[in-house]
file coords_1.pdb (PDB, C-alpha atoms, pLDDT in the B column)
ATOM      1  CA  MET A   1      -3.144 -17.611  21.768  1.00 40.00           C
ATOM      2  CA  GLY A   2      -5.389 -15.522  24.066  1.00 41.00           C
ATOM      3  CA  ALA A   3      -6.494 -11.951  23.644  1.00 43.00           C
ATOM      4  CA  THR A   4      -4.141  -9.222  24.746  1.00 45.00           C
ATOM      5  CA  MET A   5      -5.323  -7.672  27.986  1.00 48.00           C
ATOM      6  CA  THR A   6      -5.038  -3.928  28.389  1.00 60.00           C
ATOM      7  CA  ILE A   7      -4.586  -2.596  31.894  1.00 71.00           C
ATOM      8  CA  THR A   8      -6.897   0.304  32.558  1.00 90.00           C
ATOM      9  CA  ARG A   9      -6.033   2.781  35.262  1.00 94.00           C
ATOM     10  CA  ALA A  10      -7.514   5.950  36.681  1.00 96.00           C
ATOM     11  CA  THR A  11      -5.499   8.984  35.622  1.00 97.00           C
ATOM     12  CA  GLY A  12      -7.628  11.904  36.773  1.00 98.00           C
ATOM     13  CA  HIS A  13      -6.775  14.153  39.690  1.00 98.00           C
ATOM     14  CA  TYR A  14      -8.477  17.117  41.334  1.00 98.00           C
ATOM     15  CA  VAL A  15      -7.418  20.689  40.624  1.00 97.00           C
ATOM     16  CA  HIS A  16      -8.918  23.850  42.098  1.00 97.00           C
ATOM     17  CA  LYS A  17      -9.311  26.686  39.605  1.00 96.00           C
ATOM     18  CA  GLY A  18     -10.825  30.133  40.014  1.00 95.00           C
ATOM     19  CA  ASP A  19     -14.255  28.910  38.946  1.00 96.00           C
ATOM     20  CA  GLY A  20     -14.402  25.634  40.859  1.00 96.00           C
ATOM     21  CA  LEU A  21     -13.109  22.119  41.373  1.00 97.00           C
ATOM     22  CA  TYR A  22     -12.005  20.247  38.243  1.00 98.00           C
ATOM     23  CA  LEU A  23     -11.133  16.669  37.483  1.00 98.00           C
ATOM     24  CA  GLN A  24      -8.051  16.928  35.267  1.00 98.00           C
ATOM     25  CA  PHE A  25      -6.294  14.422  32.999  1.00 98.00           C
ATOM     26  CA  ASP A  26      -2.951  14.481  31.170  1.00 98.00           C
ATOM     27  CA  ARG A  27      -1.894  12.509  28.109  1.00 98.00           C
ATOM     28  CA  LEU A  28       1.377  12.579  26.157  1.00 98.00           C
ATOM     29  CA  PHE A  29       1.425  12.094  22.380  1.00 98.00           C
ATOM     30  CA  HIS A  30       4.500  11.571  20.198  1.00 97.00           C
ATOM     31  CA  ALA A  31       3.183  14.058  17.648  1.00 98.00           C
ATOM     32  CA  PRO A  32       3.332  17.754  16.797  1.00 98.00           C
ATOM     33  CA  ILE A  33       0.835  20.010  18.539  1.00 98.00           C
ATOM     34  CA  GLU A  34      -1.042  20.686  15.271  1.00 98.00           C
ATOM     35  CA  ASP A  35      -1.727  16.962  14.796  1.00 98.00           C
ATOM     36  CA  VAL A  36      -3.160  16.570  18.286  1.00 98.00           C
ATOM     37  CA  TRP A  37      -5.186  19.788  17.867  1.00 98.00           C
ATOM     38  CA  TYR A  38      -6.666  18.329  14.662  1.00 98.00           C
ATOM     39  CA  SER A  39      -7.754  15.174  16.534  1.00 98.00           C
ATOM     40  CA  LEU A  40      -9.454  17.337  19.175  1.00 98.00           C
ATOM     41  CA  THR A  41     -11.155  19.852  16.916  1.00 97.00           C
ATOM     42  CA  ASN A  42     -11.826  18.394  13.459  1.00 98.00           C
ATOM     43  CA  PRO A  43     -15.402  17.030  13.392  1.00 97.00           C
ATOM     44  CA  THR A  44     -14.451  14.069  11.181  1.00 97.00           C
ATOM     45  CA  ALA A  45     -11.366  13.153  13.251  1.00 98.00           C
ATOM     46  CA  MET A  46     -13.437  13.431  16.437  1.00 98.00           C
ATOM     47  CA  LEU A  47     -15.831  10.722  15.174  1.00 97.00           C
ATOM     48  CA  ALA A  48     -13.091   8.127  15.723  1.00 97.00           C
ATOM     49  CA  TRP A  49     -12.981   8.688  19.486  1.00 97.00           C
ATOM     50  CA  ILE A  50     -15.733  10.875  21.001  1.00 98.00           C
ATOM     51  CA  GLY A  51     -18.358  12.355  18.685  1.00 97.00           C
ATOM     52  CA  THR A  52     -18.721  15.275  16.310  1.00 97.00           C
ATOM     53  CA  TYR A  53     -20.063  18.780  15.929  1.00 97.00           C
ATOM     54  CA  THR A  54     -21.852  20.914  13.389  1.00 97.00           C
ATOM     55  CA  GLY A  55     -21.484  24.621  12.853  1.00 97.00           C
ATOM     56  CA  ASN A  56     -18.587  27.009  12.610  1.00 95.00           C
ATOM     57  CA  PRO A  57     -16.450  27.274  15.776  1.00 95.00           C
ATOM     58  CA  SER A  58     -15.342  30.800  14.807  1.00 94.00           C
ATOM     59  CA  THR A  59     -18.877  31.983  15.668  1.00 96.00           C
ATOM     60  CA  GLY A  60     -18.323  30.878  19.280  1.00 96.00           C
ATOM     61  CA  ALA A  61     -21.085  28.277  19.159  1.00 96.00           C
ATOM     62  CA  VAL A  62     -21.508  24.783  17.690  1.00 98.00           C
ATOM     63  CA  ARG A  63     -23.766  21.785  18.289  1.00 98.00           C
ATOM     64  CA  PHE A  64     -21.929  18.749  19.703  1.00 98.00           C
ATOM     65  CA  ARG A  65     -23.053  15.128  19.911  1.00 97.00           C
ATOM     66  CA  MET A  66     -21.188  12.292  21.579  1.00 96.00           C
ATOM     67  CA  SER A  67     -20.930   9.019  19.673  1.00 92.00           C
ATOM     68  CA  SER A  68     -22.657   6.980  22.382  1.00 82.00           C
ATOM     69  CA  GLU A  69     -26.102   5.463  21.919  1.00 78.00           C
ATOM     70  CA  ASP A  70     -29.032   7.834  22.377  1.00 88.00           C
ATOM     71  CA  ALA A  71     -26.751  10.886  22.545  1.00 94.00           C
ATOM     72  CA  GLU A  72     -28.517  14.117  21.687  1.00 95.00           C
ATOM     73  CA  TRP A  73     -27.138  17.229  20.046  1.00 97.00           C
ATOM     74  CA  GLN A  74     -26.102  19.827  22.613  1.00 97.00           C
ATOM     75  CA  ASN A  75     -25.544  23.524  22.122  1.00 98.00           C
ATOM     76  CA  THR A  76     -21.924  24.272  22.937  1.00 98.00           C
ATOM     77  CA  SER A  77     -20.440  27.685  23.687  1.00 98.00           C
ATOM     78  CA  ILE A  78     -16.766  28.150  22.897  1.00 97.00           C
ATOM     79  CA  LEU A  79     -15.685  30.527  25.631  1.00 97.00           C
ATOM     80  CA  GLU A  80     -12.047  30.824  24.621  1.00 97.00           C
ATOM     81  CA  CYS A  81      -9.951  29.394  21.803  1.00 97.00           C
ATOM     82  CA  ASP A  82      -6.226  29.766  21.178  1.00 98.00           C
ATOM     83  CA  ALA A  83      -5.481  27.364  18.317  1.00 97.00           C
ATOM     84  CA  PRO A  84      -3.536  25.092  18.550  1.00 98.00           C
ATOM     85  CA  HIS A  85      -2.887  25.618  22.257  1.00 98.00           C
ATOM     86  CA  GLY A  86      -6.294  25.126  23.804  1.00 98.00           C
ATOM     87  CA  PHE A  87      -9.897  25.999  24.363  1.00 98.00           C
ATOM     88  CA  HIS A  88     -12.557  26.380  27.065  1.00 98.00           C
ATOM     89  CA  ALA A  89     -16.169  25.442  26.335  1.00 98.00           C
ATOM     90  CA  ASP A  90     -19.543  24.934  27.951  1.00 98.00           C
ATOM     91  CA  ILE A  91     -21.349  21.882  26.597  1.00 97.00           C
ATOM     92  CA  GLY A  92     -25.089  22.229  27.137  1.00 97.00           C
ATOM     93  CA  GLU A  93     -26.942  25.224  28.495  1.00 95.00           C
ATOM     94  CA  GLY A  94     -27.936  26.810  31.782  1.00 93.00           C
ATOM     95  CA  ASP A  95     -27.492  24.855  35.019  1.00 92.00           C
ATOM     96  CA  ASP A  96     -26.874  21.658  33.042  1.00 92.00           C
ATOM     97  CA  ALA A  97     -23.877  23.061  31.133  1.00 97.00           C
ATOM     98  CA  VAL A  98     -20.620  21.146  31.500  1.00 97.00           C
ATOM     99  CA  ARG A  99     -17.441  23.300  31.562  1.00 98.00           C
ATOM    100  CA  VAL A 100     -14.427  21.660  29.907  1.00 98.00           C
ATOM    101  CA  PHE A 101     -10.984  22.827  28.871  1.00 98.00           C
ATOM    102  CA  CYS A 102      -8.150  21.414  26.780  1.00 98.00           C
ATOM    103  CA  HIS A 103      -4.601  22.774  26.882  1.00 98.00           C
ATOM    104  CA  LEU A 104      -1.829  21.580  24.581  1.00 98.00           C
ATOM    105  CA  ARG A 105       1.903  22.083  25.033  1.00 98.00           C
ATOM    106  CA  GLU A 106       4.626  20.830  22.666  1.00 98.00           C
ATOM    107  CA  ALA A 107       8.243  20.113  23.531  1.00 98.00           C
ATOM    108  CA  GLY A 108      10.834  17.840  21.963  1.00 96.00           C
ATOM    109  CA  GLY A 109       8.453  16.496  19.299  1.00 93.00           C
ATOM    110  CA  MET A 110       5.863  15.471  21.885  1.00 98.00           C
ATOM    111  CA  THR A 111       2.589  17.130  22.825  1.00 98.00           C
ATOM    112  CA  THR A 112       1.016  17.077  26.261  1.00 98.00           C
ATOM    113  CA  LEU A 113      -2.761  17.298  26.384  1.00 98.00           C
ATOM    114  CA  THR A 114      -4.302  18.484  29.644  1.00 98.00           C
ATOM    115  CA  LEU A 115      -8.074  18.138  29.749  1.00 98.00           C
ATOM    116  CA  GLY A 116     -10.353  19.058  32.618  1.00 98.00           C
ATOM    117  CA  GLN A 117     -14.029  19.097  33.498  1.00 98.00           C
ATOM    118  CA  ARG A 118     -15.523  21.228  36.250  1.00 98.00           C
ATOM    119  CA  LEU A 119     -17.378  19.224  38.880  1.00 98.00           C
ATOM    120  CA  ARG A 120     -20.597  20.180  40.604  1.00 97.00           C
ATOM    121  CA  SER A 121     -19.584  17.863  43.454  1.00 96.00           C
ATOM    122  CA  PRO A 122     -16.561  15.633  44.154  1.00 96.00           C
ATOM    123  CA  ALA A 123     -18.998  12.681  43.998  1.00 96.00           C
ATOM    124  CA  ASP A 124     -19.327  13.354  40.251  1.00 97.00           C
ATOM    125  CA  ALA A 125     -15.801  11.989  39.800  1.00 98.00           C
ATOM    126  CA  THR A 126     -17.162   8.422  39.984  1.00 97.00           C
ATOM    127  CA  SER A 127     -18.843   8.862  36.602  1.00 96.00           C
ATOM    128  CA  ILE A 128     -16.756  11.634  35.026  1.00 98.00           C
ATOM    129  CA  GLY A 129     -13.378  10.026  35.807  1.00 98.00           C
ATOM    130  CA  PRO A 130     -14.019   6.654  34.169  1.00 98.00           C
ATOM    131  CA  GLY A 131     -15.703   8.432  31.253  1.00 97.00           C
ATOM    132  CA  TRP A 132     -12.766  10.715  30.457  1.00 98.00           C
ATOM    133  CA  ASP A 133     -10.216   7.942  30.979  1.00 98.00           C
ATOM    134  CA  TYR A 134     -12.215   5.885  28.464  1.00 97.00           C
ATOM    135  CA  PHE A 135     -12.517   8.658  25.875  1.00 97.00           C
ATOM    136  CA  LEU A 136      -8.887   9.760  26.211  1.00 98.00           C
ATOM    137  CA  ASP A 137      -7.766   6.148  25.791  1.00 97.00           C
ATOM    138  CA  ARG A 138     -10.013   6.017  22.691  1.00 97.00           C
ATOM    139  CA  LEU A 139      -8.255   9.163  21.429  1.00 98.00           C
ATOM    140  CA  ALA A 140      -4.871   7.480  21.888  1.00 97.00           C
ATOM    141  CA  ALA A 141      -6.129   4.310  20.164  1.00 97.00           C
ATOM    142  CA  ALA A 142      -7.595   6.268  17.240  1.00 97.00           C
ATOM    143  CA  ARG A 143      -4.343   8.191  16.797  1.00 97.00           C
ATOM    144  CA  SER A 144      -2.190   5.031  16.940  1.00 96.00           C
ATOM    145  CA  GLY A 145      -4.501   2.793  14.927  1.00 96.00           C
ATOM    146  CA  SER A 146      -4.776   0.270  17.755  1.00 95.00           C
ATOM    147  CA  GLY A 147      -7.937  -1.450  18.967  1.00 95.00           C
ATOM    148  CA  MET A 148     -10.520   0.565  20.884  1.00 96.00           C
ATOM    149  CA  PRO A 149     -10.858  -0.036  24.623  1.00 95.00           C
ATOM    150  CA  GLU A 150     -13.972  -1.673  26.070  1.00 94.00           C
ATOM    151  CA  TRP A 151     -16.214   0.475  28.299  1.00 95.00           C
ATOM    152  CA  SER A 152     -16.631  -2.418  30.764  1.00 94.00           C
ATOM    153  CA  ALA A 153     -12.969  -2.004  31.808  1.00 93.00           C
ATOM    154  CA  TYR A 154     -13.705   1.560  32.985  1.00 96.00           C
ATOM    155  CA  ASP A 155     -17.098   1.231  34.607  1.00 95.00           C
ATOM    156  CA  PRO A 156     -17.293  -0.398  37.070  1.00 94.00           C
ATOM    157  CA  GLY A 157     -13.509  -0.973  37.054  1.00 94.00           C
ATOM    158  CA  LEU A 158     -12.413   2.572  37.953  1.00 97.00           C
ATOM    159  CA  VAL A 159     -15.411   3.767  39.961  1.00 96.00           C
ATOM    160  CA  ASP A 160     -14.010   2.823  43.389  1.00 96.00           C
ATOM    161  CA  THR A 161     -10.677   4.485  42.591  1.00 96.00           C
ATOM    162  CA  TYR A 162     -12.419   7.750  41.777  1.00 98.00           C
ATOM    163  CA  ARG A 163     -14.694   7.397  44.807  1.00 97.00           C
ATOM    164  CA  SER A 164     -11.614   7.222  47.058  1.00 96.00           C
ATOM    165  CA  LEU A 165      -9.701  10.148  45.480  1.00 96.00           C
ATOM    166  CA  HIS A 166      -8.652  12.710  48.051  1.00 94.00           C
ATOM    167  CA  VAL A 167     -10.141  16.166  47.456  1.00 95.00           C
ATOM    168  CA  PRO A 168      -7.453  18.741  48.264  1.00 92.00           C
ATOM    169  CA  ALA A 169      -8.383  21.819  50.252  1.00 90.00           C
ATOM    170  CA  ALA A 170      -8.971  24.860  48.095  1.00 85.00           C
ATOM    171  CA  ALA A 171      -6.250  27.466  48.270  1.00 72.00           C
ATOM    172  CA  GLN A 172      -7.524  30.724  49.672  1.00 63.00           C
ATOM    173  CA  ALA A 173      -6.451  33.925  48.012  1.00 55.00           C
ATOM    174  CA  PRO A 174      -5.082  36.578  50.361  1.00 54.00           C
ATOM    175  CA  ASP A 175      -7.301  39.612  50.835  1.00 53.00           C
ATOM    176  CA  ALA A 176      -6.207  43.132  49.886  1.00 47.00           C
ATOM    177  CA  ALA A 177      -4.470  43.607  53.274  1.00 47.00           C
ATOM    178  CA  GLY A 178      -2.295  40.555  52.638  1.00 47.00           C
ATOM    179  CA  GLY A 179      -4.092  38.318  55.140  1.00 47.00           C
ATOM    180  CA  ARG A 180      -6.335  35.340  54.565  1.00 41.00           C
TER     181      ARG A 180
END
call {"tool": "encode", "arguments": {"input": "coords_1.pdb", "output": "structure tokens"}}
result
Amino acid sequence: MGATMTITRATGHYVHKGDGLYLQFDRLFHAPIEDVWYSLTNPTAMLAWIGTYTGNPSTGAVRFRMSSEDAEWQNTSILECDAPHGFHADIGEGDDAVRVFCHLREAGGMTTLTLGQRLRSPADATSIGPGWDYFLDRLAAARSGSGMPEWSAYDPGLVDTYRSLHVPAAAQAPDAAGGR
């Protein structure tokens, strides 16, 4: 019998927010919101799918390290946290900081995770998209106890899909007079 083949697909889409263009992803888990929050925020649980952190998040700052080879510790600022509903954080410092957010919503015994990363340029989606699809699929695998996905299915597999994503026009807020 041959190995089971997992179909990998691009799930990210662009969203304009007040502070820029984001690549956003949604995942649905058959679990209470607190369980999904634990997987996203407990440093030991995080080791199973993305990395870990040291420090006390209640101070507003931790040091985060991804589980990939040669990953370095990065100072991380927790900009906003509303446990267990979500957080906003800057990973890294200065011009190199990466803005991410996670929002969780529970209904009917299921929790929806919405994760986004702010882009410096739409071209960044070719690396960020496959990366988040990979890590979010690892999160799902860690939570279900199934086998971990292989990176080679995401890059180069999803790069062209993210390269061809349509960037929507940014909505313009009306000025004080009600015009554009």
call {"tool": "residues_around", "arguments": {"input": "coords_1.pdb", "residues": "region 14-27 of chain A", "least_positions_apart": "5", "cutoff": "9 Å", "atoms": "all atoms listed in the file", "output": "JSON, numbers by chain"}}
result
{"A": [100, 111, 112, 113, 114, 115, 116, 117, 118, 119, 120, 121, 122, 125, 128, 129, 132, 133, 136, 137, 140, 165, 166, 167, 168, 169, 170, 171]}
call {"tool": "atom_distance", "arguments": {"input": "coords_1.pdb", "atom1": "CA of Val62 (chain A)", "atom2": "CA of Phe135 (chain A)"}}
result
20.2 Å
call {"tool": "resolve_selection", "arguments": {"input": "coords_1.pdb", "expression": "the PyMOL selection byres ((chain A and resi 79) around 10)", "output": "VMD selection string"}}
result
chain A and resid 60 to 61 76 to 78 80 to 81 87 to 90 99 to 101
call {"tool": "atom_distance", "arguments": {"input": "coords_1.pdb", "atom1": "CA of Arg143 (chain A)", "atom2": "CA of Met46 (chain A)"}}
result
10.5 Å
call {"tool": "atom_distance", "arguments": {"input": "coords_1.pdb", "atom1": "CA of Ala153 (chain A)", "atom2": "CA of Thr8 (chain A)"}}
result
6.5 Å
call {"tool": "resolve_selection", "arguments": {"input": "coords_1.pdb", "expression": "the PyMOL selection byres ((chain A and resi 47-54) around 9)", "output": "ChimeraX atom specification"}}
result
/A:39,41-46,55-57,62-68,73,135-143,148
call {"tool": "residues_around", "arguments": {"input": "coords_1.pdb", "residues": "Met110 (chain A)", "least_positions_apart": "2", "cutoff": "7 Å", "atoms": "all atoms listed in the file", "output": "list in words"}}
result
Leu28, Phe29, His30, Ala31, Pro32, Glu106, Ala107, Gly108 and Thr112 of chain A
call {"tool": "residues_near_point", "arguments": {"input": "coords_1.pdb", "point": "(-26.1, 26.0, 25.9)", "cutoff": "6 Å", "atoms": "only C-alpha atoms", "output": "count of residues only"}}
result
4
call {"tool": "axis_aligned_box", "arguments": {"input": "coords_1.pdb", "around": "region 124-132 of chain A", "padding_each_side": "4 Å", "output": "lines of an AutoDock Vina configuration file"}}
result
center_x = -16.0
center_y = 10.0
center_z = 35.4
size_x = 14.6
size_y = 14.7
size_z = 17.8
call {"tool": "closest_residue", "arguments": {"input": "coords_1.pdb", "among": "A:Cys102, A:Ala71, A:Arg9, A:Arg163", "to": "Tyr134 (chain A)", "atoms": "all atoms listed in the file"}}
result
A:Arg9
call {"tool": "resolve_selection", "arguments": {"input": "coords_1.pdb", "expression": "the PyMOL selection byres ((chain A and resi 83) around 10)", "output": "PyMOL selection string"}}
result
chain A and resi 33-34+37-38+41+80-82+84-87+103-104
